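Peer 1: Once you've had a glance at the structure underneath, I'll fire off some questions.
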Amino acid sequence: MKYLTIAVLGAIVVAYFISVSSISASASRNEIVRRVDILLKDSARIKFLDKDVVRRIYYSHFGNPDGLRVNSLKLGESENYLKSQSTIKDVQVTVTRSGVLRIEIEQRQPVLRIETLHGSYYADQTAYIYPIENLTAVCLP
């Protein structure tokens, strides 16, 4: 009798978690993007990017996500594309339950400016070298 009670309670707990996860999954499939929040973690120290520039970079490649279904977003592809920008060191792209697309960016911190016959570059603390011209191309309207 004792083992039967434990087995029934265990089955109830498992059924509960399965039903909650399926309800959550079906709700997220129908969720739409309501707005885009951009967070530049180090914007007080590094001024290469601002929220408008990041928005332009994202929208130029993926379009405006407002009103799109959450499950149609390519979050991994978005992260890879944003990381390919020379001034971005790290990025996290997530969607909240309320339909907010969050883009959190950590910028590269230049420690050295390099002038050559072939152009101007910055180097960050990890010795990653990136061109200054790329920054101006991104920042143009």
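Numbering starts fresh at 1 for the residues of each chain in the structure tokens, the chains themselves are lettered A, B, ... in the order given, and ligands are numbered from 1 as they appear.
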Residues near Tyr81 (chain A), anyone? I mean within 10 Å using only C-alpha atoms, not counting same-chain ones fewer than 2 positions away, as number ranges by chain.

Peer 2: A: 57-58, 61-62, 75-79, 83-85, 91

Peer 1: Mind checking DSSP for region 75-105 of chain A and telling me the alpha helix (DSSP H) residues as a list of chain:residue names?

Peer 2: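 Across region 75-105 of chain A, those assigned alpha helix (DSSP H) are A:Leu75, A:Gly76, A:Glu77, A:Ser78, A:Glu79, A:Asn80, A:Tyr81, A:Leu82, A:Lys83.
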
Peer 1: For region 117-120 of chain A, list every protein, DNA or RNA residue within 8 Å, evaluated using only C-alpha atoms, and leave out those in the same chain fewer than 3 positions away; present the list as a ChimeraX atom specification.

Peer 2: /A:113-114,131-133

Peer 1: Those same residues, written as an mmCIF file, in the first residue's frame with C-alpha atoms?

Peer 2:
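Saved result, selection04.cif, follows:
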```cif
data_model
loop_
_atom_site.group_PDB
_atom_site.id
_atom_site.type_symbol
_atom_site.label_atom_id
_atom_site.label_comp_id
_atom_site.auth_asym_id
_atom_site.auth_seq_id
_atom_site.Cartn_x
_atom_site.Cartn_y
_atom_site.Cartn_z
ATOM 1 C CA ARG A 113 45.004 52.970 -31.921
ATOM 2 C CA ILE A 114 47.120 51.849 -34.864
ATOM 3 C CA PRO A 131 39.318 48.642 -38.452
ATOM 4 C CA ILE A 132 38.053 52.111 -37.637
ATOM 5 C CA GLU A 133 36.454 52.379 -41.099
#
```

Peer 1: Do a neighbour search on Asn64 (chain A) at 10 Å with only C-alpha atoms, toss out local chain neighbours closer than 5 positions, and write the hits as a tab-separated table (two decimals) with C-alpha atoms, in the first residue's frame.

Peer 2:
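Saved result, part-v6.tsv, follows:
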```tsv
chain	number	residue	atom	x	y	z
A	33	VAL	CA	7.30	40.32	-30.33
A	35	ARG	CA	9.08	45.52	-28.51
A	36	VAL	CA	12.87	45.41	-28.75
A	55	ARG	CA	18.83	48.68	-33.93
A	56	ARG	CA	19.92	49.70	-37.47
A	58	TYR	CA	19.79	44.30	-36.51
A	59	TYR	CA	16.93	45.66	-38.65
```

Peer 1: What are the DSSP strand (DSSP E or B) residues of region 3-136 of chain A, as a PyMOL selection string?

Peer 2: chain A and resi 32+35-40+69+88-95+100-107+110-116+119-124+129-131

Peer 1: Keeping only N, CA and C atoms, write the selected residues to a file as a short mmCIF file (atom, residue, chain, number, x, y, z; two decimals), in the first residue's frame.

Peer 2:
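File written: result09.cif
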```cif
data_model
loop_
_atom_site.label_atom_id
_atom_site.label_comp_id
_atom_site.auth_asym_id
_atom_site.auth_seq_id
_atom_site.Cartn_x
_atom_site.Cartn_y
_atom_site.Cartn_z
N ILE A 32 3.88 36.96 -29.68
CA ILE A 32 4.46 37.83 -30.69
C ILE A 32 5.42 38.81 -30.02
N ARG A 35 8.11 44.43 -28.41
CA ARG A 35 9.08 45.52 -28.51
C ARG A 35 10.49 44.94 -28.45
N VAL A 36 11.46 45.79 -28.77
CA VAL A 36 12.87 45.41 -28.75
C VAL A 36 13.56 46.26 -27.70
N ASP A 37 14.22 45.62 -26.75
CA ASP A 37 15.03 46.32 -25.74
C ASP A 37 16.49 46.05 -26.03
N ILE A 38 17.29 47.09 -26.10
CA ILE A 38 18.72 46.96 -26.35
C ILE A 38 19.46 47.48 -25.14
N LEU A 39 20.37 46.65 -24.62
CA LEU A 39 21.16 47.02 -23.45
C LEU A 39 22.64 46.98 -23.84
N LEU A 40 23.30 48.12 -23.74
CA LEU A 40 24.74 48.20 -23.95
C LEU A 40 25.37 48.21 -22.56
N ARG A 69 5.96 36.43 -34.84
CA ARG A 69 5.85 35.36 -33.84
C ARG A 69 7.24 35.07 -33.27
N ILE A 88 31.69 44.58 -31.47
CA ILE A 88 30.91 43.82 -30.49
C ILE A 88 31.73 42.63 -30.00
N LYS A 89 31.97 42.59 -28.71
CA LYS A 89 32.74 41.50 -28.11
C LYS A 89 31.85 40.31 -27.80
N ASP A 90 30.68 40.56 -27.22
CA ASP A 90 29.77 39.48 -26.86
C ASP A 90 28.34 39.98 -26.95
N VAL A 91 27.40 39.09 -27.22
CA VAL A 91 26.00 39.46 -27.34
C VAL A 91 25.12 38.30 -26.90
N GLN A 92 24.02 38.64 -26.27
CA GLN A 92 22.99 37.67 -25.88
C GLN A 92 21.67 38.18 -26.43
N VAL A 93 20.98 37.35 -27.21
CA VAL A 93 19.67 37.71 -27.75
C VAL A 93 18.66 36.73 -27.17
N THR A 94 17.68 37.27 -26.44
CA THR A 94 16.66 36.43 -25.81
C THR A 94 15.29 37.07 -26.00
N VAL A 95 14.26 36.27 -25.73
CA VAL A 95 12.89 36.77 -25.77
C VAL A 95 12.25 36.44 -24.42
N VAL A 100 9.19 40.49 -25.26
CA VAL A 100 10.23 41.51 -25.43
C VAL A 100 11.50 40.85 -25.95
N LEU A 101 11.96 41.31 -27.13
CA LEU A 101 13.22 40.84 -27.68
C LEU A 101 14.33 41.64 -27.03
N ARG A 102 15.19 40.97 -26.25
CA ARG A 102 16.27 41.64 -25.53
C ARG A 102 17.59 41.36 -26.22
N ILE A 103 18.31 42.43 -26.53
CA ILE A 103 19.64 42.32 -27.12
C ILE A 103 20.61 42.96 -26.15
N GLU A 104 21.46 42.14 -25.52
CA GLU A 104 22.45 42.63 -24.56
C GLU A 104 23.82 42.55 -25.21
N ILE A 105 24.50 43.68 -25.26
CA ILE A 105 25.77 43.76 -25.98
C ILE A 105 26.89 44.22 -25.06
N GLU A 106 28.04 43.56 -25.22
CA GLU A 106 29.28 44.00 -24.58
C GLU A 106 30.21 44.45 -25.71
N GLN A 107 30.64 45.69 -25.66
CA GLN A 107 31.50 46.24 -26.71
C GLN A 107 32.96 45.92 -26.45
N PRO A 110 38.77 49.45 -26.75
CA PRO A 110 40.06 49.69 -27.39
C PRO A 110 41.10 50.18 -26.38
N VAL A 111 42.31 49.67 -26.54
CA VAL A 111 43.40 50.12 -25.68
C VAL A 111 44.54 50.74 -26.49
N LEU A 112 44.44 50.57 -27.83
CA LEU A 112 45.51 51.07 -28.68
C LEU A 112 44.94 51.44 -30.04
N ARG A 113 45.37 52.57 -30.56
CA ARG A 113 45.00 52.97 -31.92
C ARG A 113 46.23 52.80 -32.80
N ILE A 114 46.01 52.16 -33.96
CA ILE A 114 47.12 51.85 -34.86
C ILE A 114 46.88 52.57 -36.19
N GLU A 115 47.86 53.34 -36.63
CA GLU A 115 47.79 54.03 -37.91
C GLU A 115 48.79 53.37 -38.86
N THR A 116 48.31 52.92 -40.03
CA THR A 116 49.18 52.33 -41.04
C THR A 116 48.91 53.01 -42.38
N GLY A 119 45.33 51.98 -43.47
CA GLY A 119 44.16 52.37 -42.71
C GLY A 119 44.44 52.49 -41.22
N SER A 120 43.38 52.82 -40.49
CA SER A 120 43.47 52.99 -39.04
C SER A 120 42.73 51.84 -38.36
N TYR A 121 43.29 51.40 -37.25
CA TYR A 121 42.73 50.26 -36.53
C TYR A 121 42.76 50.52 -35.04
N TYR A 122 41.94 49.77 -34.33
CA TYR A 122 42.00 49.71 -32.88
C TYR A 122 42.39 48.30 -32.47
N ALA A 123 43.01 48.19 -31.30
CA ALA A 123 43.29 46.89 -30.70
C ALA A 123 42.67 46.90 -29.31
N ASP A 124 42.03 45.79 -28.95
CA ASP A 124 41.45 45.73 -27.60
C ASP A 124 42.39 45.00 -26.66
N ILE A 129 42.29 43.04 -33.31
CA ILE A 129 42.48 44.27 -34.08
C ILE A 129 41.30 44.43 -35.03
N TYR A 130 40.69 45.62 -35.01
CA TYR A 130 39.54 45.88 -35.87
C TYR A 130 39.65 47.26 -36.49
N PRO A 131 39.15 47.38 -37.72
CA PRO A 131 39.32 48.64 -38.45
C PRO A 131 38.38 49.74 -37.96
#
```

Peer 1: Which polymer residues have any atom within 8 Å of an atom of Phe48 (chain A), counting only C-alpha atoms, with same-chain residues fewer than 2 positions away left out, as a PyMOL selection string?

Peer 2: chain A and resi 46+50+87+107+135

Peer 1: Can you tell me which residues surround Val70 (chain A) at a distance of at most 9 Å, considering only C-alpha atoms, apart from same-chain residues fewer than 2 positions away, and format the answer as a PyMOL selection string?

Peer 2: chain A and resi 28-33+65+67-68+72-74+95+99+101
